[in-house]
$ cat upload_9.cif   # mmCIF, C-alpha atoms
data_model
loop_
_atom_site.label_atom_id
_atom_site.label_comp_id
_atom_site.auth_asym_id
_atom_site.auth_seq_id
_atom_site.Cartn_x
_atom_site.Cartn_y
_atom_site.Cartn_z
CA GLN A 1 19.72 24.12 -67.54
CA VAL A 2 21.65 22.37 -64.81
CA THR A 3 23.52 19.67 -66.72
CA GLY A 4 26.96 18.17 -67.10
CA TYR A 5 29.87 17.86 -64.70
CA LEU A 6 30.08 19.27 -61.18
CA ASP A 7 33.12 21.23 -59.98
CA ASP A 8 35.66 19.33 -57.83
CA CYS A 9 34.02 16.01 -58.88
CA THR A 10 34.16 13.42 -61.64
CA CYS A 11 30.38 13.09 -61.56
CA ASP A 12 27.67 14.64 -63.70
CA VAL A 13 24.10 15.72 -62.97
CA GLU A 14 22.48 13.19 -65.35
CA THR A 15 24.06 10.18 -63.61
CA ILE A 16 22.77 11.38 -60.22
CA ASP A 17 19.26 12.04 -61.59
CA ALA A 18 18.94 8.56 -63.10
CA PHE A 19 20.40 6.81 -60.03
CA ASN A 20 18.38 8.76 -57.47
CA ASN A 21 14.99 9.07 -59.15
CA HIS A 22 14.66 5.50 -60.40
CA LYS A 23 16.67 3.40 -57.98
CA LEU A 24 17.35 5.00 -54.63
CA PHE A 25 14.53 7.45 -53.88
CA PRO A 26 11.63 4.90 -53.83
CA ARG A 27 13.45 2.56 -51.43
CA LEU A 28 14.64 5.37 -49.18
CA ASN A 29 11.13 6.78 -49.01
CA GLU A 30 9.81 3.42 -47.83
CA LEU A 31 12.49 3.18 -45.12
CA LEU A 32 11.71 6.67 -43.78
CA GLN A 33 8.04 5.77 -43.30
CA SER A 34 9.02 3.10 -40.76
CA ASP A 35 8.70 3.57 -36.98
CA TYR A 36 12.45 3.59 -36.37
CA PHE A 37 13.05 6.54 -38.69
CA ARG A 38 9.90 8.59 -38.26
CA TYR A 39 10.36 9.45 -34.55
CA TYR A 40 13.04 12.03 -33.81
CA LYS A 41 13.72 13.43 -30.35
CA VAL A 42 14.39 17.15 -30.35
CA ASN A 43 14.54 20.08 -27.95
CA LEU A 44 12.80 23.02 -29.64
CA GLN A 45 12.89 25.16 -26.48
CA LYS A 46 16.62 25.92 -26.39
CA PRO A 47 17.29 29.67 -26.33
CA CYS A 48 19.22 31.26 -29.18
CA PRO A 49 22.87 31.47 -28.02
CA PHE A 50 23.88 34.33 -30.34
CA TRP A 51 21.33 37.11 -30.00
CA ASP A 52 18.37 37.98 -27.78
CA ASP A 53 15.46 37.05 -29.90
CA ASN A 54 12.19 35.60 -28.78
CA SER A 55 10.27 36.45 -31.93
CA HIS A 56 8.57 33.15 -32.64
CA CYS A 57 6.48 32.72 -35.72
CA ALA A 58 2.82 32.85 -34.68
CA MET A 59 1.43 31.26 -37.84
CA ARG A 60 -0.18 27.91 -37.22
CA ASP A 61 1.83 26.22 -39.99
CA CYS A 62 4.99 27.00 -38.00
CA ALA A 63 3.82 24.88 -35.06
CA VAL A 64 5.18 21.41 -34.34
CA GLN A 65 2.92 18.75 -32.87
CA PRO A 66 4.93 16.58 -30.44
CA CYS A 67 3.97 12.95 -29.89
CA PRO A 68 2.13 11.72 -26.82
CA SER A 69 4.74 9.37 -25.33
CA ASP A 70 2.43 6.33 -25.50
CA GLU A 71 2.47 6.60 -29.32
CA VAL A 72 6.25 6.16 -29.49
CA PRO A 73 7.23 2.46 -29.76
CA ASP A 74 8.54 0.99 -26.49
CA GLY A 75 11.89 -0.04 -27.95
CA ILE A 76 12.65 3.55 -28.97
CA ARG A 77 11.34 5.11 -25.78
CA SER A 78 13.14 2.77 -23.38
CA GLY A 79 16.58 3.62 -24.73
CA SER A 80 16.36 6.55 -27.05
CA TYR A 81 20.13 6.86 -27.46
CA LYS A 82 20.63 3.11 -27.63
CA TYR A 83 19.57 1.24 -30.71
CA SER A 84 20.30 -2.38 -29.95
CA GLU A 85 20.74 -4.73 -27.03
CA GLU A 86 24.46 -4.75 -27.77
CA ALA A 87 24.61 -0.98 -27.35
CA ASN A 88 22.84 -1.28 -24.00
CA HIS A 89 25.61 -3.56 -22.72
CA LEU A 90 28.21 -1.21 -24.14
CA ALA A 91 26.64 1.78 -22.37
CA GLU A 92 26.64 -0.14 -19.08
CA GLU A 93 30.30 -1.08 -19.52
CA CYS A 94 31.18 2.56 -20.21
CA GLU A 95 29.33 3.73 -17.11
CA GLU A 96 31.12 1.08 -15.06
CA ALA A 97 34.52 2.11 -16.47
CA LYS A 98 33.86 5.77 -15.71
CA ARG A 99 32.77 4.95 -12.16
CA LEU A 100 35.88 2.88 -11.54
CA GLY A 101 38.09 5.52 -13.15
CA ALA A 102 36.58 8.16 -10.90
CA VAL A 103 37.13 6.26 -7.64
CA ASP A 104 40.36 4.39 -8.32
CA ASP A 105 42.53 5.84 -5.53
CA SER A 106 45.70 4.22 -6.83
CA LEU A 107 45.68 6.78 -9.66
CA SER A 108 47.18 10.16 -8.93
CA LYS A 109 44.82 13.12 -8.95
CA GLU A 110 46.34 14.40 -12.21
CA THR A 111 45.92 11.05 -13.96
CA ARG A 112 42.33 10.75 -12.82
CA GLN A 113 41.64 14.23 -14.16
CA ALA A 114 43.28 13.27 -17.46
CA VAL A 115 41.19 10.07 -17.73
CA LEU A 116 37.97 12.03 -17.28
CA GLN A 117 39.09 14.62 -19.80
CA TRP A 118 39.92 11.90 -22.32
CA ALA A 119 36.46 10.44 -21.89
CA GLN A 120 34.88 13.84 -22.53
CA HIS A 121 37.21 14.48 -25.45
CA ASP A 122 36.35 11.11 -26.99
CA ASP A 123 32.69 12.00 -26.77
CA SER A 124 33.07 15.35 -28.44
CA SER A 125 36.12 15.26 -30.68
CA ASP A 126 34.49 13.60 -33.66
CA SER A 127 31.18 15.42 -33.46
CA PHE A 128 30.40 18.12 -36.00
CA CYS A 129 27.15 19.13 -34.28
CA GLU A 130 25.97 20.61 -31.04
CA ALA A 131 23.62 17.74 -30.22
CA ASP A 132 20.50 18.25 -28.14
CA ASP A 133 20.51 16.77 -24.67
CA ILE A 134 17.81 14.20 -25.33
CA HIS A 135 17.42 13.55 -21.57
CA SER A 136 16.38 17.15 -20.98
CA PRO A 137 12.75 17.53 -19.84
CA ASP A 138 12.28 19.90 -22.81
CA ALA A 139 13.25 17.24 -25.37
CA GLU A 140 10.21 15.63 -27.01
CA TYR A 141 9.58 13.02 -29.66
CA VAL A 142 8.25 14.35 -32.94
CA ASP A 143 6.63 12.24 -35.64
CA LEU A 144 8.35 13.54 -38.79
CA LEU A 145 5.57 12.20 -41.04
CA LEU A 146 2.98 14.32 -39.21
CA ASN A 147 5.20 17.45 -39.30
CA PRO A 148 6.42 17.55 -42.92
CA GLU A 149 8.85 20.16 -44.13
CA ARG A 150 6.98 22.65 -46.29
CA TYR A 151 6.28 26.34 -46.78
CA THR A 152 5.07 27.85 -43.49
CA GLY A 153 5.06 31.57 -44.31
CA TYR A 154 8.24 32.13 -42.26
CA LYS A 155 10.29 34.57 -44.34
CA GLY A 156 11.54 38.15 -44.39
CA PRO A 157 14.15 39.71 -42.08
CA ASP A 158 14.09 36.95 -39.45
CA ALA A 159 14.74 34.13 -41.90
CA TRP A 160 17.28 36.27 -43.78
CA LYS A 161 19.16 36.96 -40.54
CA ILE A 162 19.68 33.21 -39.97
CA TRP A 163 21.12 32.53 -43.42
CA ASN A 164 23.15 35.72 -43.35
CA SER A 165 24.73 34.70 -40.05
CA ILE A 166 25.56 31.27 -41.50
CA TYR A 167 27.17 32.59 -44.68
CA GLU A 168 28.85 35.71 -43.34
CA GLU A 169 30.26 34.35 -40.10
CA ASN A 170 30.72 30.63 -40.67
CA CYS A 171 31.78 30.05 -44.27
CA PHE A 172 35.40 31.24 -43.89
CA LYS A 173 34.41 34.38 -45.81
CA PRO A 174 36.05 37.78 -45.28
CA GLN A 175 33.65 40.68 -44.69
CA ASN A 176 34.83 42.62 -47.74
CA VAL A 177 33.84 39.87 -50.20
CA LYS A 178 30.12 40.29 -50.80
CA ARG A 179 27.95 37.27 -51.51
CA PRO A 180 26.16 37.42 -54.88
CA LEU A 181 22.65 38.88 -54.57
CA ALA A 182 23.24 39.73 -50.90
CA SER A 183 22.05 43.18 -49.88
CA GLY A 184 24.65 45.91 -50.23
CA ARG A 185 26.48 43.89 -52.86
CA GLY A 186 28.50 45.69 -55.52
CA ASP A 187 27.47 45.40 -59.16
CA ASP A 188 30.19 43.02 -60.25
CA GLU A 189 27.72 40.13 -60.75
CA GLY A 190 29.49 38.15 -58.02
CA HIS A 191 32.85 38.08 -59.88
CA ALA A 192 34.82 39.07 -56.77
CA PHE A 193 33.00 36.40 -54.76
CA TYR A 194 33.70 33.59 -57.23
CA LYS A 195 37.28 34.71 -57.67
CA TRP A 196 37.62 34.47 -53.87
CA LEU A 197 35.92 31.05 -53.83
CA LYS A 198 38.20 29.72 -56.56
CA GLY A 199 41.25 30.81 -54.56
CA LEU A 200 40.18 28.82 -51.47
CA CYS A 201 41.56 25.41 -50.62
CA VAL A 202 39.30 22.53 -51.68
CA GLU A 203 38.05 21.93 -48.10
CA LYS A 204 36.87 25.50 -47.48
CA ARG A 205 35.33 25.63 -50.94
CA ALA A 206 33.51 22.37 -50.20
CA PHE A 207 32.26 23.81 -46.91
CA TYR A 208 30.65 26.77 -48.67
CA ARG A 209 29.13 24.49 -51.32
CA LEU A 210 27.64 22.14 -48.73
CA ILE A 211 25.90 25.05 -46.97
CA SER A 212 24.73 26.50 -50.29
CA GLY A 213 23.48 23.02 -51.32
CA LEU A 214 21.57 22.65 -48.04
CA HIS A 215 20.02 26.11 -48.55
CA ALA A 216 19.02 25.17 -52.13
CA SER A 217 17.51 21.89 -50.95
CA ILE A 218 15.41 23.60 -48.29
CA ASN A 219 14.21 26.17 -50.85
CA ILE A 220 13.16 23.38 -53.23
CA HIS A 221 11.08 21.75 -50.48
CA LEU A 222 9.36 25.06 -49.76
CA SER A 223 8.62 25.62 -53.45
CA ALA A 224 7.43 22.04 -53.99
CA ARG A 225 5.11 21.97 -50.97
CA TYR A 226 3.71 25.47 -51.11
CA LEU A 227 0.38 26.50 -49.65
CA LEU A 228 -1.64 26.95 -52.84
CA GLN A 229 -5.09 27.14 -51.31
CA ASP A 230 -6.16 27.97 -47.76
CA THR A 231 -9.91 27.99 -47.20
CA TRP A 232 -11.94 27.02 -44.17
CA SER A 233 -12.81 23.69 -45.78
CA GLU A 234 -9.36 22.61 -46.98
CA LYS A 235 -5.69 23.38 -47.40
CA LYS A 236 -3.96 22.43 -50.59
CA TRP A 237 -0.18 22.09 -50.88
CA GLY A 238 1.74 21.65 -54.11
CA PRO A 239 4.43 22.96 -56.46
CA ASN A 240 4.65 26.74 -56.87
CA VAL A 241 6.51 27.39 -60.13
CA THR A 242 6.80 31.17 -59.59
CA GLU A 243 8.43 30.66 -56.19
CA PHE A 244 10.81 28.08 -57.70
CA GLN A 245 11.78 30.41 -60.56
CA GLN A 246 12.43 33.35 -58.23
CA ARG A 247 14.99 31.25 -56.39
CA PHE A 248 16.58 29.30 -59.24
CA ASP A 249 15.82 30.76 -62.68
CA GLU A 250 19.09 31.72 -64.41
CA VAL A 251 17.84 35.11 -65.63
CA LEU A 252 15.95 36.12 -62.49
CA THR A 253 18.89 35.21 -60.22
CA ARG A 254 21.58 36.58 -62.58
CA GLY A 255 23.15 33.17 -63.08
CA GLU A 256 23.10 32.34 -59.38
CA GLY A 257 20.24 29.77 -59.47
CA PRO A 258 21.99 27.06 -61.53
CA ARG A 259 25.07 27.38 -59.29
CA ARG A 260 22.91 26.79 -56.22
CA LEU A 261 21.42 23.69 -57.82
CA LYS A 262 24.85 22.33 -58.68
CA ASN A 263 25.75 22.77 -55.02
CA LEU A 264 22.68 20.68 -54.15
CA TYR A 265 24.10 17.86 -56.29
CA PHE A 266 27.47 18.30 -54.56
CA LEU A 267 25.74 17.89 -51.16
CA TYR A 268 24.00 14.77 -52.52
CA LEU A 269 27.37 13.24 -53.49
CA ILE A 270 28.92 13.95 -50.08
CA GLU A 271 26.03 12.39 -48.14
CA LEU A 272 25.81 9.44 -50.57
CA ARG A 273 29.53 8.82 -50.07
CA ALA A 274 29.07 8.76 -46.28
CA LEU A 275 26.28 6.16 -46.63
CA SER A 276 28.53 3.95 -48.74
CA LYS A 277 31.36 4.24 -46.19
CA VAL A 278 29.32 3.44 -43.07
CA LEU A 279 28.04 0.07 -44.37
CA PRO A 280 30.34 -2.08 -42.10
CA PHE A 281 28.85 -0.44 -38.99
CA PHE A 282 25.31 -1.47 -39.92
CA GLU A 283 26.22 -4.85 -41.42
CA ARG A 284 27.25 -6.39 -38.10
CA PRO A 285 24.86 -9.15 -36.95
CA GLY A 286 24.61 -7.50 -33.50
CA PHE A 287 23.24 -4.27 -34.92
CA GLN A 288 19.48 -3.91 -35.08
CA LEU A 289 17.03 -1.10 -35.70
CA TYR A 290 15.46 -1.60 -32.32
CA THR A 291 11.79 -0.62 -31.91
CA GLY A 292 10.60 -3.74 -30.11
CA ASN A 293 8.70 -5.09 -33.14
CA GLU A 294 11.04 -7.91 -34.12
CA SER A 295 9.71 -8.78 -37.56
CA GLN A 296 9.48 -5.14 -38.67
CA ASP A 297 12.94 -4.41 -37.21
CA ALA A 298 14.47 -7.26 -39.23
CA GLU A 299 12.65 -6.18 -42.39
CA MET A 300 13.81 -2.56 -42.01
CA LYS A 301 17.41 -3.58 -41.35
CA HIS A 302 17.27 -5.62 -44.56
CA LEU A 303 15.93 -2.58 -46.46
CA LEU A 304 18.55 -0.28 -44.88
CA LEU A 305 21.38 -2.62 -45.97
CA GLU A 306 19.88 -2.79 -49.46
CA ILE A 307 19.98 1.04 -49.63
CA LEU A 308 23.57 1.19 -48.31
CA HIS A 309 24.73 -1.46 -50.83
CA LEU A 310 22.99 0.51 -53.55
CA ALA A 311 24.80 3.66 -52.37
CA LYS A 312 28.09 1.75 -52.51
CA SER A 313 27.38 0.62 -56.09
CA PHE A 314 27.12 4.23 -57.35
CA PRO A 315 29.70 4.47 -60.16
CA LEU A 316 31.02 8.03 -59.72
CA HIS A 317 31.58 8.59 -56.01
CA PHE A 318 33.11 11.77 -54.65
CA ASP A 319 36.73 11.17 -53.67
CA GLU A 320 37.14 12.63 -50.20
CA ASN A 321 40.82 11.65 -50.08
CA SER A 322 41.63 15.10 -51.44
CA PHE A 323 40.34 16.51 -48.14
CA PHE A 324 42.87 17.35 -45.44
CA ALA A 325 45.56 15.58 -47.44
CA GLY A 326 48.48 18.02 -47.08
CA ASN A 327 50.90 18.59 -44.22
CA LYS A 328 49.63 16.57 -41.22
CA LYS A 329 49.77 19.42 -38.74
CA GLU A 330 48.09 21.88 -41.11
CA ALA A 331 45.48 19.28 -42.06
CA ALA A 332 44.59 18.60 -38.41
CA LYS A 333 44.24 22.33 -37.75
CA LEU A 334 42.04 22.78 -40.82
CA LYS A 335 39.85 19.82 -39.90
CA GLU A 336 39.31 21.28 -36.42
CA GLU A 337 38.38 24.67 -37.92
CA PHE A 338 35.96 22.91 -40.28
CA ARG A 339 34.38 21.05 -37.36
CA LEU A 340 33.99 24.14 -35.16
CA HIS A 341 32.47 26.21 -37.97
CA PHE A 342 29.94 23.47 -38.64
CA LYS A 343 29.21 23.10 -34.94
CA ASN A 344 28.44 26.81 -34.81
CA ILE A 345 25.95 26.45 -37.66
CA SER A 346 24.17 23.68 -35.77
CA LYS A 347 23.84 26.09 -32.80
CA ILE A 348 22.37 28.82 -35.04
CA MET A 349 19.43 26.47 -35.69
CA ASP A 350 18.22 27.27 -32.16
CA CYS A 351 17.67 30.86 -33.35
CA VAL A 352 15.14 29.94 -36.06
CA GLY A 353 11.80 31.54 -35.11
CA CYS A 354 9.53 29.04 -36.89
CA PHE A 355 9.42 25.78 -34.92
CA LYS A 356 8.79 23.56 -37.92
CA CYS A 357 11.72 25.19 -39.77
CA ARG A 358 13.80 24.81 -36.60
CA LEU A 359 12.95 21.10 -36.37
CA TRP A 360 13.97 20.38 -39.97
CA GLY A 361 16.98 22.73 -39.77
CA LYS A 362 18.27 20.90 -36.70
CA LEU A 363 17.64 17.49 -38.23
CA GLN A 364 19.33 18.33 -41.56
CA THR A 365 22.40 19.93 -39.98
CA GLN A 366 22.75 16.95 -37.62
CA GLY A 367 22.42 14.62 -40.60
CA LEU A 368 25.10 16.45 -42.59
CA GLY A 369 27.30 16.66 -39.48
CA THR A 370 26.95 12.87 -39.07
CA ALA A 371 27.90 12.36 -42.74
CA LEU A 372 31.06 14.44 -42.17
CA LYS A 373 31.85 12.49 -39.00
CA ILE A 374 31.62 9.25 -41.04
CA LEU A 375 33.88 10.53 -43.82
CA PHE A 376 36.51 11.59 -41.29
CA SER A 377 36.33 8.28 -39.38
CA GLU A 378 37.17 5.96 -42.26
CA LYS A 379 40.09 4.28 -40.50
CA LEU A 380 37.99 3.65 -37.37
CA ILE A 381 35.16 2.18 -39.46
CA GLU A 382 37.60 -0.16 -41.22
CA LYS A 383 38.65 -1.52 -37.79
CA ILE A 384 35.11 -2.35 -36.62
CA PRO A 385 35.04 -6.03 -35.55
CA GLU A 386 32.40 -8.19 -37.23
CA SER A 387 30.93 -9.17 -33.89
CA GLY A 388 31.02 -7.55 -30.49
CA PRO A 389 30.87 -3.84 -29.72
CA SER A 390 32.38 -1.16 -31.91
CA TYR A 391 34.39 0.91 -29.44
CA GLY A 392 36.25 3.13 -31.89
CA PHE A 393 33.31 4.33 -33.95
CA GLN A 394 29.80 4.85 -32.62
CA LEU A 395 26.58 6.38 -33.88
CA THR A 396 23.67 7.19 -31.59
CA ARG A 397 20.10 6.51 -32.65
CA GLN A 398 19.65 10.29 -33.06
CA GLU A 399 22.56 10.42 -35.51
CA ILE A 400 21.26 7.43 -37.47
CA VAL A 401 17.75 8.90 -37.78
CA ALA A 402 19.15 12.34 -38.73
CA LEU A 403 21.62 10.89 -41.27
CA LEU A 404 18.97 8.96 -43.22
CA ASN A 405 16.27 11.63 -42.98
CA ALA A 406 18.67 14.39 -44.04
CA PHE A 407 19.71 12.34 -47.05
CA GLY A 408 16.02 11.68 -47.67
CA ARG A 409 15.46 15.44 -47.92
CA VAL A 410 18.30 15.90 -50.44
CA SER A 411 17.11 12.87 -52.42
CA THR A 412 13.58 14.36 -52.45
CA SER A 413 14.99 17.67 -53.75
CA VAL A 414 16.66 15.93 -56.69
CA LYS A 415 13.35 14.16 -57.44
CA GLU A 416 11.36 17.41 -57.15
CA LEU A 417 13.74 19.07 -59.61
CA GLU A 418 12.67 16.54 -62.24
CA ASN A 419 9.06 17.44 -61.48
CA PHE A 420 9.72 21.19 -61.89
CA ARG A 421 11.62 20.53 -65.15
CA ASN A 422 8.58 18.71 -66.55
CA ILE A 423 6.15 21.45 -65.43
CA LEU A 424 8.32 24.16 -67.02
CA LYS A 425 8.69 22.14 -70.25
CA ASN A 426 4.91 21.84 -70.54
CA MET A 427 4.45 25.58 -69.93
CA ARG A 428 6.65 26.58 -72.87
#

$ encode --input "upload_9.cif" --output "structure tokens"
Amino acid sequence: QVTGYLDDCTCDVETIDAFNNHKLFPRLNELLQSDYFRYYKVNLQKPCPFWDDNSHCAMRDCAVQPCPSDEVPDGIRSGSYKYSEEANHLAEECEEAKRLGAVDDSLSKETRQAVLQWAQHDDSSDSFCEADDIHSPDAEYVDLLLNPERYTGYKGPDAWKIWNSIYEENCFKPQNVKRPLASGRGDDEGHAFYKWLKGLCVEKRAFYRLISGLHASINIHLSARYLLQDTWSEKKWGPNVTEFQQRFDEVLTRGEGPRRLKNLYFLYLIELRALSKVLPFFERPGFQLYTGNESQDAEMKHLLLEILHLAKSFPLHFDENSFFAGNKKEAAKLKEEFRLHFKNISKIMDCVGCFKCRLWGKLQTQGLGTALKILFSEKLIEKIPESGPSYGFQLTRQEIVALLNAFGRVSTSVKELENFRNILKNMR
């Protein structure tokens, strides 16, 4: 029943379905199987910064199997935050500049302090995520193909607490407006909530819809890869229609399910737009997907560019120019609020008790955060020189891997929806 146009967009569901399921999804899937994109470095041992909670999920499907380091390709291991030889030189130049800046005695103490602060500010000002310190001894490589996102049995109060914290404290929502279907909600069928949402500026409304879309996407993965059979001889995973209906059926969710799915399509459009915008960064001859296997690296760069050109060719892109378009001072303040709220959500991921859910939660929030960083760096991306280093706009390997894998998850959700539609049609 999710059809037609999406709010705040000129795009409709049918156009996205056709584009994703037949053109983009198969290519993207192939890219994400490659060595460059399957290894993600993550610290799953960080303590929860918001509440004392050490209740980790003890079920074996919650566990994450890290990679023995000799299985990770040399090119990735030797410079996990660097992705090309060019970036290695750039990193060395930056280190050199910082060292000189720190010891240059001709600068006054105040100026030196300012220079160091600028350097730190430059590193953090465009980031929407609290990134893991990948040099920490607790950070490990994980093979995403061996640790797929699926139903692990992690649910109930602990999982609810995470989402509640995200929605109630980080979506610009006042306490007195109750979320539809949240516990303790009045019986107004969410009218007060949607009236509140409609009254928000487009940016804050978009923020809520991105989070709701991410939530919907994760719930589709859990319904599509559900543990259907668990015997000593085998485990069988597959689509669980009942689970899907409980989360998205219009009647069972009192009209809430279709709204959640429309928010998933909204998230798809935002991330697709970011991919189309970041093309100049990847198109430079000096950029390579560096694993050490030259022929595979060249092949995967070719496939990546094909996907990004395809993303650019999408006919009904979201127009992000409506974002932060008003009074300059107000817009800057709003953008900063937006960034800090999102950064907070990325920190909440360290409170997720199931390690596999934590892994995919961290990866998907970092991916969406990277997409937002791209959309807000358009002018810097336009200035990227065709050759030589890109000083103004940079992406780390972590951000690149998260960006493409996060979009891969949303793309998979749109594909799985088609599958559920067909199953439900045949059941009637």

$ residues_around --input "upload_9.cif" --residues "segment 1-17 of chain A" --least-positions-apart "3" --cutoff "6 Å" --atoms "only C-alpha atoms" --output "PyMOL selection string"
chain A and resi 20-21+258+316

$ atom_distance --input "upload_9.cif" --atom1 "atom CA of Arg409 of chain A" --atom2 "atom CA of Tyr151 of chain A"
14.3 Å

$ closest_residue --input "upload_9.cif" --among "A:Val241, A:Leu264, A:Val72, A:Leu44" --to "Tyr226 of chain A" --atoms "all atoms listed in the file"
A:Val241

$ residues_around --input "upload_9.cif" --residues "segment 363-374 of chain A" --least-positions-apart "6" --cutoff "9 Å" --atoms "only C-alpha atoms" --output "PyMOL selection string"
chain A and resi 40+42+126-131+210+214+267+270-275+277-278+339+342-343+345-346+349+381+393+395+398-407+409

$ resolve_selection --input "upload_9.cif" --expression "the PyMOL selection byres ((chain A and resi 304) around 10)" --output "PyMOL selection string"
chain A and resi 27-28+30-32+279+282-283+289+298-303+305-310+404

$ closest_residue --input "upload_9.cif" --among "A:Ile76, A:Leu227, A:Ala63, A:Leu197" --to "Tyr39 of chain A" --atoms "all atoms listed in the file"
A:Ile76

$ residues_around --input "upload_9.cif" --residues "Gly75 of chain A" --least-positions-apart "4" --cutoff "6 Å" --atoms "all atoms listed in the file" --output "PDB file with C-alpha atoms, keeping the file's coordinate frame"
ATOM      1  CA  TYR A 290      15.460  -1.600 -32.320  1.00  0.00           C
ATOM      2  CA  THR A 291      11.790  -0.620 -31.910  1.00  0.00           C
ATOM      3  CA  GLY A 292      10.600  -3.740 -30.110  1.00  0.00           C
TER       4      GLY A 292
END

$ residues_near_point --input "upload_9.cif" --point "(36.6, 2.3, -36.7)" --cutoff "10 Å" --atoms "only C-alpha atoms" --output "VMD selection string"
chain A and resid 278 280 to 281 374 377 to 385 390 to 394

$ closest_residue --input "upload_9.cif" --among "A:Ile162, A:Leu359, A:Val177, A:Cys62" --to "Gln45 of chain A" --atoms "all atoms listed in the file"
A:Leu359

$ residues_around --input "upload_9.cif" --residues "His341 of chain A" --least-positions-apart "5" --cutoff "9 Å" --atoms "all atoms listed in the file" --output "ChimeraX atom specification"
/A:128,169-172,336,346

$ atom_distance --input "upload_9.cif" --atom1 "atom CA of Arg397 of chain A" --atom2 "atom CA of Tyr36 of chain A"
9.0 Å

$ axis_aligned_box --input "upload_9.cif" --around "segment 254-270 of chain A" --padding-each-side "3 Å" --output "AutoDock Vina command-line options"
--center_x 24.6 --center_y 24.9 --center_z -56.6 --size_x 14.7 --size_y 29.3 --size_z 19.0

$ atom_distance --input "upload_9.cif" --atom1 "atom CA of Gly238 of chain A" --atom2 "atom CA of Asn164 of chain A"
27.8 Å

$ resolve_selection --input "upload_9.cif" --expression "the PyMOL selection byres ((chain A and resi 245) around 12)" --output "list in words"
Asn219, Ile220, Ser223, Ala224, Pro239, Asn240, Val241, Thr242, Glu243, Phe244, Gln246, Arg247, Phe248, Asp249, Glu250, Val251, Leu252, Thr253, Arg254, Gly255, Glu256, Gly257, Pro258, Leu417, Phe420, Arg421, Ile423 and Leu424 of chain A

$ residues_near_point --input "upload_9.cif" --point "(10.6, 16.7, -30.2)" --cutoff "6 Å" --atoms "all atoms listed in the file" --output "PyMOL selection string"
chain A and resi 41-43+66+139-142

$ write_last_selection --input "upload_9.cif" --atoms "C-alpha atoms" --output "compact mmCIF listing (two decimals), keeping the file's coordinate frame"
# COMPACT_ATOMS: atom_id res chain seq x y z
CA LYS A 41 13.72 13.43 -30.35
CA VAL A 42 14.39 17.15 -30.35
CA ASN A 43 14.54 20.08 -27.95
CA PRO A 66 4.93 16.58 -30.44
CA ALA A 139 13.25 17.24 -25.37
CA GLU A 140 10.21 15.63 -27.01
CA TYR A 141 9.58 13.02 -29.66
CA VAL A 142 8.25 14.35 -32.94

$ residues_around --input "upload_9.cif" --residues "Leu145 of chain A" --least-positions-apart "4" --cutoff "10 Å" --atoms "only C-alpha atoms" --output "number ranges by chain"
A: 32-34, 37-39, 149

$ closest_residue --input "upload_9.cif" --among "A:Ala192, A:Phe19, A:Cys67, A:Thr396" --to "Phe287 of chain A" --atoms "all atoms listed in the file"
A:Thr396

$ closest_residue --input "upload_9.cif" --among "A:Glu168, A:Asp297, A:Glu203, A:Asp230" --to "Phe323 of chain A" --atoms "all atoms listed in the file"
A:Glu203
